[in-house]
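Below is one structure; the comments refer to it alone.
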Amino acid sequence: MWILRYRYDTEDGNWCSISCCLKQGPIYDIGRSTKSPLHIKNDKSISRKHIQLKVNKENELNVLNTGKLTTLNAEVLMVDQSLNFHPKGQLRLELGIKPIIATIEWQDQIWKVSHDLLYNSMFKRQEFNNYGISVTTTMSTRTNLQIIKQNQDTYSNCLFSLVKGIDIVRESFLSDFQSHLYMPPT
């Protein structure tokens with residue numbers, strides 16, 4: 001899952017922090033435009049559409065620089081320069097004169113769910129896949145979250161998770177997580 005984080009000064013001198021997961025398909029604009037859900041206020045060195053981000057079906061991230069005064073991993077980007085990144089590691093963007101620091105980080109997410117939850121008509125597996133989250137019914141050494149039923153009778157399948165330090169959450173976490181994921185693209 002690609003996670004974008006940045007913060008900027010508000011008019012009253014406080015910080016506004018932004019963090020969102022990037023979904024496959026939509027284009028995410030970062031800039032001064034109030035039409036963009038990822039907007040930066042009060043910095044005239046930031047273009048209305050300064051950076052565009054897009055994740056493709058292979059979870060590769062495309063970064064298109066449409067503004068001036070932009071560096072990516074300490075390299076100056078030219079206007080209209082486009083770069084692609086495989087799903088791994090962390091990128092550091094610096095936007096504008098101040099500059100505003102943004103990080104875009106890939107985090108492997110492999111979530112284990114029960115068979116009946118996976119095949120429940122209310123569960124939207126593809127929606128999680130669109131954010132780069134793998135949902136499976138088997139546990140592996142790469143699993144980083146186990147989701148259990150609300151009214152589970154036995155917890156014997158949680159032993160591996162407990163021993164390996166894997167977080168365990170109830171299935172209500174899925175709907176809570178989905179409700180916080182949505183960030184309208186431009």
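Residue numbering restarts at 1 for every chain of the structure tokens, chains are lettered A, B, ... in their displayed order, and ligands are numbered from 1 as they appear.
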Query - Surrounding residues of Ile97 in chain A excluding itself and chain neighbours under 4 positions, 12 Å, only C-alpha atoms, as a PyMOL selection string - result: chain A and resi 43-47+67-71+101
Residues near Leu91 in chain A, anyone? I mean within 7 Å using only C-alpha atoms, not counting same-chain ones fewer than 6 positions away, as an mmCIF file with N, CA and C atoms, in the first residue's frame.
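Produced file out.cif, reproduced below:
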```
data_model
loop_
_atom_site.group_PDB
_atom_site.id
_atom_site.type_symbol
_atom_site.label_atom_id
_atom_site.label_comp_id
_atom_site.auth_asym_id
_atom_site.auth_seq_id
_atom_site.Cartn_x
_atom_site.Cartn_y
_atom_site.Cartn_z
ATOM 1 N N LEU A 72 12.835 15.315 -5.660
ATOM 2 C CA LEU A 72 12.409 13.969 -5.297
ATOM 3 C C LEU A 72 13.665 13.193 -4.935
ATOM 4 N N ASN A 73 13.729 12.757 -3.690
ATOM 5 C CA ASN A 73 14.922 12.063 -3.183
ATOM 6 C C ASN A 73 16.189 12.873 -3.469
ATOM 7 N N THR A 103 6.289 12.534 2.222
ATOM 8 C CA THR A 103 6.842 11.196 2.030
ATOM 9 C C THR A 103 5.763 10.317 1.416
ATOM 10 N N ILE A 104 6.200 9.452 0.549
ATOM 11 C CA ILE A 104 5.320 8.449 -0.045
ATOM 12 C C ILE A 104 6.017 7.120 0.199
ATOM 13 N N GLU A 105 5.369 6.270 0.968
ATOM 14 C CA GLU A 105 6.020 5.035 1.407
ATOM 15 C C GLU A 105 5.183 3.820 1.018
#
```
So which bits of range 8-182 of chain A end up strand (DSSP E or B) when you DSSP the backbone, as a PDB file with N, CA, C and O atoms, in the first residue's frame?
```pdb
ATOM      1  N   TYR A   8       1.682  21.122   6.388  1.00  0.00           N
ATOM      2  CA  TYR A   8       1.983  22.506   6.007  1.00  0.00           C
ATOM      3  C   TYR A   8       1.457  23.451   7.075  1.00  0.00           C
ATOM      4  O   TYR A   8       0.624  23.085   7.895  1.00  0.00           O
ATOM      5  N   ASP A   9       1.984  24.705   7.055  1.00  0.00           N
ATOM      6  CA  ASP A   9       1.543  25.751   7.984  1.00  0.00           C
ATOM      7  C   ASP A   9       0.189  26.288   7.561  1.00  0.00           C
ATOM      8  O   ASP A   9      -0.049  26.529   6.380  1.00  0.00           O
ATOM      9  N   TRP A  15      -0.065  23.560  12.374  1.00  0.00           N
ATOM     10  CA  TRP A  15       0.259  22.612  11.320  1.00  0.00           C
ATOM     11  C   TRP A  15      -1.001  21.879  10.888  1.00  0.00           C
ATOM     12  O   TRP A  15      -1.821  21.501  11.706  1.00  0.00           O
ATOM     13  N   CYS A  16      -1.135  21.640   9.602  1.00  0.00           N
ATOM     14  CA  CYS A  16      -2.186  20.776   9.064  1.00  0.00           C
ATOM     15  C   CYS A  16      -1.473  19.544   8.512  1.00  0.00           C
ATOM     16  O   CYS A  16      -0.645  19.653   7.602  1.00  0.00           O
ATOM     17  N   SER A  17      -1.757  18.380   9.077  1.00  0.00           N
ATOM     18  CA  SER A  17      -1.131  17.129   8.640  1.00  0.00           C
ATOM     19  C   SER A  17      -2.095  16.348   7.768  1.00  0.00           C
ATOM     20  O   SER A  17      -3.272  16.205   8.091  1.00  0.00           O
ATOM     21  N   ILE A  18      -1.584  15.829   6.650  1.00  0.00           N
ATOM     22  CA  ILE A  18      -2.364  15.040   5.705  1.00  0.00           C
ATOM     23  C   ILE A  18      -1.726  13.666   5.589  1.00  0.00           C
ATOM     24  O   ILE A  18      -0.510  13.540   5.484  1.00  0.00           O
ATOM     25  N   SER A  19      -2.557  12.643   5.612  1.00  0.00           N
ATOM     26  CA  SER A  19      -2.090  11.272   5.421  1.00  0.00           C
ATOM     27  C   SER A  19      -3.187  10.518   4.693  1.00  0.00           C
ATOM     28  O   SER A  19      -4.349  10.586   5.085  1.00  0.00           O
ATOM     29  N   CYS A  20      -2.833   9.837   3.612  1.00  0.00           N
ATOM     30  CA  CYS A  20      -3.844   9.050   2.908  1.00  0.00           C
ATOM     31  C   CYS A  20      -3.194   7.889   2.178  1.00  0.00           C
ATOM     32  O   CYS A  20      -2.012   7.922   1.839  1.00  0.00           O
ATOM     33  N   CYS A  21      -4.004   6.858   1.944  1.00  0.00           N
ATOM     34  CA  CYS A  21      -3.600   5.707   1.151  1.00  0.00           C
ATOM     35  C   CYS A  21      -3.982   5.992  -0.297  1.00  0.00           C
ATOM     36  O   CYS A  21      -5.048   6.531  -0.560  1.00  0.00           O
ATOM     37  N   GLN A  24      -5.381   2.477  -6.580  1.00  0.00           N
ATOM     38  CA  GLN A  24      -5.041   2.256  -7.983  1.00  0.00           C
ATOM     39  C   GLN A  24      -6.035   2.983  -8.879  1.00  0.00           C
ATOM     40  O   GLN A  24      -7.241   2.910  -8.660  1.00  0.00           O
ATOM     41  N   ILE A  27      -6.106   9.836 -10.205  1.00  0.00           N
ATOM     42  CA  ILE A  27      -4.977  10.768 -10.157  1.00  0.00           C
ATOM     43  C   ILE A  27      -5.158  11.648  -8.931  1.00  0.00           C
ATOM     44  O   ILE A  27      -6.225  12.217  -8.721  1.00  0.00           O
ATOM     45  N   TYR A  28      -4.114  11.756  -8.136  1.00  0.00           N
ATOM     46  CA  TYR A  28      -4.130  12.585  -6.935  1.00  0.00           C
ATOM     47  C   TYR A  28      -3.248  13.802  -7.181  1.00  0.00           C
ATOM     48  O   TYR A  28      -2.058  13.673  -7.430  1.00  0.00           O
ATOM     49  N   ASP A  29      -3.872  14.980  -7.149  1.00  0.00           N
ATOM     50  CA  ASP A  29      -3.130  16.236  -7.306  1.00  0.00           C
ATOM     51  C   ASP A  29      -2.772  16.792  -5.940  1.00  0.00           C
ATOM     52  O   ASP A  29      -3.600  16.804  -5.030  1.00  0.00           O
ATOM     53  N   ILE A  30      -1.545  17.275  -5.835  1.00  0.00           N
ATOM     54  CA  ILE A  30      -1.122  18.010  -4.650  1.00  0.00           C
ATOM     55  C   ILE A  30      -0.770  19.408  -5.136  1.00  0.00           C
ATOM     56  O   ILE A  30       0.015  19.561  -6.070  1.00  0.00           O
ATOM     57  N   GLY A  31      -1.376  20.431  -4.520  1.00  0.00           N
ATOM     58  CA  GLY A  31      -1.101  21.801  -4.920  1.00  0.00           C
ATOM     59  C   GLY A  31      -1.984  22.773  -4.166  1.00  0.00           C
ATOM     60  O   GLY A  31      -2.649  22.406  -3.202  1.00  0.00           O
ATOM     61  N   LEU A  38      -6.128  17.172  -1.831  1.00  0.00           N
ATOM     62  CA  LEU A  38      -4.789  17.193  -1.251  1.00  0.00           C
ATOM     63  C   LEU A  38      -4.168  18.566  -1.499  1.00  0.00           C
ATOM     64  O   LEU A  38      -3.189  18.706  -2.218  1.00  0.00           O
ATOM     65  N   HIS A  39      -4.776  19.582  -0.906  1.00  0.00           N
ATOM     66  CA  HIS A  39      -4.313  20.943  -1.185  1.00  0.00           C
ATOM     67  C   HIS A  39      -3.407  21.474  -0.071  1.00  0.00           C
ATOM     68  O   HIS A  39      -3.450  21.029   1.062  1.00  0.00           O
ATOM     69  N   ILE A  51       2.088  18.538  -8.077  1.00  0.00           N
ATOM     70  CA  ILE A  51       2.493  17.137  -8.280  1.00  0.00           C
ATOM     71  C   ILE A  51       1.244  16.313  -8.554  1.00  0.00           C
ATOM     72  O   ILE A  51       0.200  16.538  -7.941  1.00  0.00           O
ATOM     73  N   GLN A  52       1.357  15.358  -9.465  1.00  0.00           N
ATOM     74  CA  GLN A  52       0.290  14.385  -9.678  1.00  0.00           C
ATOM     75  C   GLN A  52       0.822  12.997  -9.350  1.00  0.00           C
ATOM     76  O   GLN A  52       1.934  12.640  -9.764  1.00  0.00           O
ATOM     77  N   LEU A  53       0.025  12.235  -8.606  1.00  0.00           N
ATOM     78  CA  LEU A  53       0.390  10.868  -8.233  1.00  0.00           C
ATOM     79  C   LEU A  53      -0.661   9.913  -8.787  1.00  0.00           C
ATOM     80  O   LEU A  53      -1.855  10.209  -8.736  1.00  0.00           O
ATOM     81  N   LYS A  54      -0.199   8.773  -9.297  1.00  0.00           N
ATOM     82  CA  LYS A  54      -1.128   7.756  -9.785  1.00  0.00           C
ATOM     83  C   LYS A  54      -0.505   6.382  -9.581  1.00  0.00           C
ATOM     84  O   LYS A  54       0.671   6.176  -9.869  1.00  0.00           O
ATOM     85  N   VAL A  55      -1.322   5.453  -9.070  1.00  0.00           N
ATOM     86  CA  VAL A  55      -0.884   4.072  -8.857  1.00  0.00           C
ATOM     87  C   VAL A  55      -1.565   3.207  -9.910  1.00  0.00           C
ATOM     88  O   VAL A  55      -2.776   3.274 -10.083  1.00  0.00           O
ATOM     89  N   LEU A  61       3.972   3.311  -8.753  1.00  0.00           N
ATOM     90  CA  LEU A  61       3.592   4.700  -8.528  1.00  0.00           C
ATOM     91  C   LEU A  61       4.197   5.587  -9.603  1.00  0.00           C
ATOM     92  O   LEU A  61       5.400   5.528  -9.860  1.00  0.00           O
ATOM     93  N   ASN A  62       3.348   6.421 -10.234  1.00  0.00           N
ATOM     94  CA  ASN A  62       3.821   7.418 -11.179  1.00  0.00           C
ATOM     95  C   ASN A  62       3.760   8.775 -10.506  1.00  0.00           C
ATOM     96  O   ASN A  62       2.729   9.152  -9.941  1.00  0.00           O
ATOM     97  N   VAL A  63       4.873   9.500 -10.558  1.00  0.00           N
ATOM     98  CA  VAL A  63       4.959  10.860 -10.023  1.00  0.00           C
ATOM     99  C   VAL A  63       5.203  11.791 -11.201  1.00  0.00           C
ATOM    100  O   VAL A  63       6.200  11.649 -11.906  1.00  0.00           O
ATOM    101  N   LEU A  64       4.273  12.717 -11.420  1.00  0.00           N
ATOM    102  CA  LEU A  64       4.408  13.705 -12.488  1.00  0.00           C
ATOM    103  C   LEU A  64       4.556  15.076 -11.848  1.00  0.00           C
ATOM    104  O   LEU A  64       3.671  15.532 -11.128  1.00  0.00           O
ATOM    105  N   ASN A  65       5.688  15.722 -12.101  1.00  0.00           N
ATOM    106  CA  ASN A  65       5.934  17.054 -11.564  1.00  0.00           C
ATOM    107  C   ASN A  65       5.359  18.086 -12.529  1.00  0.00           C
ATOM    108  O   ASN A  65       5.796  18.185 -13.664  1.00  0.00           O
ATOM    109  N   THR A  70      10.731  21.624  -7.168  1.00  0.00           N
ATOM    110  CA  THR A  70      10.391  20.300  -6.666  1.00  0.00           C
ATOM    111  C   THR A  70      11.627  19.413  -6.687  1.00  0.00           C
ATOM    112  O   THR A  70      12.342  19.363  -7.688  1.00  0.00           O
ATOM    113  N   THR A  71      11.870  18.727  -5.575  1.00  0.00           N
ATOM    114  CA  THR A  71      12.911  17.703  -5.557  1.00  0.00           C
ATOM    115  C   THR A  71      12.285  16.384  -5.124  1.00  0.00           C
ATOM    116  O   THR A  71      11.342  16.347  -4.338  1.00  0.00           O
ATOM    117  N   LEU A  72      12.835  15.315  -5.660  1.00  0.00           N
ATOM    118  CA  LEU A  72      12.409  13.969  -5.297  1.00  0.00           C
ATOM    119  C   LEU A  72      13.665  13.193  -4.935  1.00  0.00           C
ATOM    120  O   LEU A  72      14.565  13.051  -5.768  1.00  0.00           O
ATOM    121  N   GLU A  75      16.867  15.025  -5.739  1.00  0.00           N
ATOM    122  CA  GLU A  75      17.150  15.375  -7.129  1.00  0.00           C
ATOM    123  C   GLU A  75      16.089  16.342  -7.635  1.00  0.00           C
ATOM    124  O   GLU A  75      14.895  16.106  -7.463  1.00  0.00           O
ATOM    125  N   VAL A  76      16.535  17.417  -8.268  1.00  0.00           N
ATOM    126  CA  VAL A  76      15.613  18.428  -8.792  1.00  0.00           C
ATOM    127  C   VAL A  76      14.837  17.846  -9.967  1.00  0.00           C
ATOM    128  O   VAL A  76      15.422  17.226 -10.868  1.00  0.00           O
ATOM    129  N   SER A  82       8.212  12.969 -15.482  1.00  0.00           N
ATOM    130  CA  SER A  82       7.422  11.874 -14.937  1.00  0.00           C
ATOM    131  C   SER A  82       8.353  10.721 -14.574  1.00  0.00           C
ATOM    132  O   SER A  82       9.240  10.363 -15.360  1.00  0.00           O
ATOM    133  N   LEU A  83       8.158  10.155 -13.393  1.00  0.00           N
ATOM    134  CA  LEU A  83       8.973   9.031 -12.926  1.00  0.00           C
ATOM    135  C   LEU A  83       8.060   7.929 -12.398  1.00  0.00           C
ATOM    136  O   LEU A  83       7.015   8.214 -11.813  1.00  0.00           O
ATOM    137  N   ASN A  84       8.480   6.668 -12.595  1.00  0.00           N
ATOM    138  CA  ASN A  84       7.730   5.520 -12.103  1.00  0.00           C
ATOM    139  C   ASN A  84       8.549   4.789 -11.043  1.00  0.00           C
ATOM    140  O   ASN A  84       9.774   4.676 -11.166  1.00  0.00           O
ATOM    141  N   PHE A  85       7.848   4.265 -10.031  1.00  0.00           N
ATOM    142  CA  PHE A  85       8.504   3.564  -8.928  1.00  0.00           C
ATOM    143  C   PHE A  85       7.791   2.252  -8.643  1.00  0.00           C
ATOM    144  O   PHE A  85       6.564   2.206  -8.589  1.00  0.00           O
ATOM    145  N   GLN A  90      10.706   4.113   0.203  1.00  0.00           N
ATOM    146  CA  GLN A  90      10.112   5.403   0.554  1.00  0.00           C
ATOM    147  C   GLN A  90      10.678   6.483  -0.349  1.00  0.00           C
ATOM    148  O   GLN A  90      11.859   6.478  -0.674  1.00  0.00           O
ATOM    149  N   LEU A  91       9.817   7.413  -0.743  1.00  0.00           N
ATOM    150  CA  LEU A  91      10.218   8.563  -1.537  1.00  0.00           C
ATOM    151  C   LEU A  91      10.068   9.808  -0.684  1.00  0.00           C
ATOM    152  O   LEU A  91       9.166   9.904   0.140  1.00  0.00           O
ATOM    153  N   ARG A  92      10.935  10.789  -0.927  1.00  0.00           N
ATOM    154  CA  ARG A  92      10.864  12.056  -0.207  1.00  0.00           C
ATOM    155  C   ARG A  92      10.733  13.180  -1.228  1.00  0.00           C
ATOM    156  O   ARG A  92      11.624  13.400  -2.048  1.00  0.00           O
ATOM    157  N   LEU A  93       9.608  13.869  -1.158  1.00  0.00           N
ATOM    158  CA  LEU A  93       9.350  15.020  -2.022  1.00  0.00           C
ATOM    159  C   LEU A  93       9.553  16.297  -1.233  1.00  0.00           C
ATOM    160  O   LEU A  93       9.169  16.377  -0.059  1.00  0.00           O
ATOM    161  N   GLU A  94      10.145  17.308  -1.866  1.00  0.00           N
ATOM    162  CA  GLU A  94      10.239  18.644  -1.286  1.00  0.00           C
ATOM    163  C   GLU A  94       9.603  19.595  -2.292  1.00  0.00           C
ATOM    164  O   GLU A  94      10.010  19.651  -3.446  1.00  0.00           O
ATOM    165  N   LEU A  95       8.576  20.301  -1.832  1.00  0.00           N
ATOM    166  CA  LEU A  95       7.794  21.173  -2.704  1.00  0.00           C
ATOM    167  C   LEU A  95       7.932  22.623  -2.260  1.00  0.00           C
ATOM    168  O   LEU A  95       7.730  22.937  -1.089  1.00  0.00           O
ATOM    169  N   ILE A 100       7.907  22.233   1.674  1.00  0.00           N
ATOM    170  CA  ILE A 100       6.971  21.308   2.306  1.00  0.00           C
ATOM    171  C   ILE A 100       7.495  19.908   2.008  1.00  0.00           C
ATOM    172  O   ILE A 100       7.749  19.568   0.854  1.00  0.00           O
ATOM    173  N   ILE A 101       7.690  19.123   3.053  1.00  0.00           N
ATOM    174  CA  ILE A 101       8.224  17.770   2.922  1.00  0.00           C
ATOM    175  C   ILE A 101       7.058  16.780   2.861  1.00  0.00           C
ATOM    176  O   ILE A 101       6.179  16.793   3.722  1.00  0.00           O
ATOM    177  N   ALA A 102       7.068  15.941   1.849  1.00  0.00           N
ATOM    178  CA  ALA A 102       6.064  14.879   1.716  1.00  0.00           C
ATOM    179  C   ALA A 102       6.802  13.561   1.574  1.00  0.00           C
ATOM    180  O   ALA A 102       7.843  13.490   0.906  1.00  0.00           O
ATOM    181  N   THR A 103       6.289  12.534   2.222  1.00  0.00           N
ATOM    182  CA  THR A 103       6.842  11.196   2.030  1.00  0.00           C
ATOM    183  C   THR A 103       5.763  10.317   1.416  1.00  0.00           C
ATOM    184  O   THR A 103       4.571  10.463   1.715  1.00  0.00           O
ATOM    185  N   ILE A 104       6.200   9.452   0.549  1.00  0.00           N
ATOM    186  CA  ILE A 104       5.320   8.449  -0.045  1.00  0.00           C
ATOM    187  C   ILE A 104       6.017   7.120   0.199  1.00  0.00           C
ATOM    188  O   ILE A 104       7.122   6.896  -0.295  1.00  0.00           O
ATOM    189  N   GLU A 105       5.369   6.270   0.968  1.00  0.00           N
ATOM    190  CA  GLU A 105       6.020   5.035   1.407  1.00  0.00           C
ATOM    191  C   GLU A 105       5.183   3.820   1.018  1.00  0.00           C
ATOM    192  O   GLU A 105       3.966   3.815   1.172  1.00  0.00           O
ATOM    193  N   TRP A 106       5.859   2.792   0.496  1.00  0.00           N
ATOM    194  CA  TRP A 106       5.199   1.518   0.229  1.00  0.00           C
ATOM    195  C   TRP A 106       5.300   0.663   1.481  1.00  0.00           C
ATOM    196  O   TRP A 106       6.389   0.505   2.048  1.00  0.00           O
ATOM    197  N   GLN A 109       1.242  -5.058   2.851  1.00  0.00           N
ATOM    198  CA  GLN A 109       0.104  -5.359   3.716  1.00  0.00           C
ATOM    199  C   GLN A 109      -0.496  -6.690   3.282  1.00  0.00           C
ATOM    200  O   GLN A 109      -1.025  -6.806   2.172  1.00  0.00           O
ATOM    201  N   ILE A 110      -0.386  -7.683   4.149  1.00  0.00           N
ATOM    202  CA  ILE A 110      -0.974  -9.002   3.902  1.00  0.00           C
ATOM    203  C   ILE A 110      -1.845  -9.314   5.103  1.00  0.00           C
ATOM    204  O   ILE A 110      -1.351  -9.473   6.219  1.00  0.00           O
ATOM    205  N   TRP A 111      -3.148  -9.359   4.860  1.00  0.00           N
ATOM    206  CA  TRP A 111      -4.113  -9.534   5.936  1.00  0.00           C
ATOM    207  C   TRP A 111      -4.755 -10.908   5.830  1.00  0.00           C
ATOM    208  O   TRP A 111      -5.254 -11.293   4.778  1.00  0.00           O
ATOM    209  N   LYS A 112      -4.774 -11.625   6.941  1.00  0.00           N
ATOM    210  CA  LYS A 112      -5.398 -12.944   7.002  1.00  0.00           C
ATOM    211  C   LYS A 112      -6.810 -12.801   7.539  1.00  0.00           C
ATOM    212  O   LYS A 112      -7.034 -12.179   8.570  1.00  0.00           O
ATOM    213  N   ILE A 133      -3.475  -3.947  -0.785  1.00  0.00           N
ATOM    214  CA  ILE A 133      -3.586  -4.814   0.389  1.00  0.00           C
ATOM    215  C   ILE A 133      -3.964  -6.212  -0.087  1.00  0.00           C
ATOM    216  O   ILE A 133      -4.991  -6.390  -0.734  1.00  0.00           O
ATOM    217  N   SER A 134      -3.123  -7.197   0.222  1.00  0.00           N
ATOM    218  CA  SER A 134      -3.424  -8.590  -0.112  1.00  0.00           C
ATOM    219  C   SER A 134      -4.244  -9.186   1.014  1.00  0.00           C
ATOM    220  O   SER A 134      -3.854  -9.106   2.178  1.00  0.00           O
ATOM    221  N   VAL A 135      -5.367  -9.779   0.661  1.00  0.00           N
ATOM    222  CA  VAL A 135      -6.239 -10.431   1.640  1.00  0.00           C
ATOM    223  C   VAL A 135      -6.224 -11.916   1.333  1.00  0.00           C
ATOM    224  O   VAL A 135      -6.461 -12.330   0.196  1.00  0.00           O
ATOM    225  N   THR A 136      -5.927 -12.732   2.345  1.00  0.00           N
ATOM    226  CA  THR A 136      -5.786 -14.166   2.157  1.00  0.00           C
ATOM    227  C   THR A 136      -6.429 -14.920   3.319  1.00  0.00           C
ATOM    228  O   THR A 136      -6.718 -14.320   4.353  1.00  0.00           O
ATOM    229  N   LEU A 145      -1.383  -8.706   9.639  1.00  0.00           N
ATOM    230  CA  LEU A 145      -2.621  -8.429  10.353  1.00  0.00           C
ATOM    231  C   LEU A 145      -3.528  -9.650  10.250  1.00  0.00           C
ATOM    232  O   LEU A 145      -3.681 -10.216   9.164  1.00  0.00           O
ATOM    233  N   GLN A 146      -4.105 -10.068  11.385  1.00  0.00           N
ATOM    234  CA  GLN A 146      -5.087 -11.142  11.377  1.00  0.00           C
ATOM    235  C   GLN A 146      -6.417 -10.566  11.810  1.00  0.00           C
ATOM    236  O   GLN A 146      -6.510  -9.879  12.822  1.00  0.00           O
ATOM    237  N   ILE A 147      -7.439 -10.862  11.009  1.00  0.00           N
ATOM    238  CA  ILE A 147      -8.774 -10.340  11.280  1.00  0.00           C
ATOM    239  C   ILE A 147      -9.652 -11.510  11.706  1.00  0.00           C
ATOM    240  O   ILE A 147      -9.771 -12.501  10.973  1.00  0.00           O
ATOM    241  N   ILE A 148     -10.236 -11.413  12.895  1.00  0.00           N
ATOM    242  CA  ILE A 148     -11.064 -12.502  13.409  1.00  0.00           C
ATOM    243  C   ILE A 148     -12.516 -12.065  13.467  1.00  0.00           C
ATOM    244  O   ILE A 148     -12.815 -10.874  13.475  1.00  0.00           O
ATOM    245  N   ASP A 167      -0.522  -8.196  14.658  1.00  0.00           N
ATOM    246  CA  ASP A 167      -1.707  -7.574  15.243  1.00  0.00           C
ATOM    247  C   ASP A 167      -2.948  -8.388  14.926  1.00  0.00           C
ATOM    248  O   ASP A 167      -3.103  -8.925  13.817  1.00  0.00           O
ATOM    249  N   ILE A 168      -3.854  -8.470  15.893  1.00  0.00           N
ATOM    250  CA  ILE A 168      -5.127  -9.176  15.735  1.00  0.00           C
ATOM    251  C   ILE A 168      -6.243  -8.161  15.969  1.00  0.00           C
ATOM    252  O   ILE A 168      -6.237  -7.452  16.972  1.00  0.00           O
ATOM    253  N   VAL A 169      -7.182  -8.100  15.026  1.00  0.00           N
ATOM    254  CA  VAL A 169      -8.317  -7.184  15.159  1.00  0.00           C
ATOM    255  C   VAL A 169      -9.603  -7.930  14.819  1.00  0.00           C
ATOM    256  O   VAL A 169      -9.592  -8.956  14.151  1.00  0.00           O
ATOM    257  N   ARG A 170     -10.717  -7.408  15.282  1.00  0.00           N
ATOM    258  CA  ARG A 170     -12.034  -7.978  14.967  1.00  0.00           C
ATOM    259  C   ARG A 170     -12.473  -7.505  13.586  1.00  0.00           C
ATOM    260  O   ARG A 170     -11.991  -6.487  13.075  1.00  0.00           O
TER     261      ARG A 170
END
```
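In this structure, CA of His50 in chain A sits 7.8 Å away from CA of Arg32 in chain A.
Compared by their closest atoms to Gly132 in chain A, and using only C-alpha atoms, the residues A:Gln107, A:Gln178, A:Asn42, A:Thr34 rank with A:Gln107 nearest.
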Report task. Can you work out the spacing between CA of Leu4 in chain A and CA of Val113 in chain A in Å, to one decimal? Result ->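 According to the coordinates, CA of Leu4 in chain A and CA of Val113 in chain A are separated by 26.0 Å.
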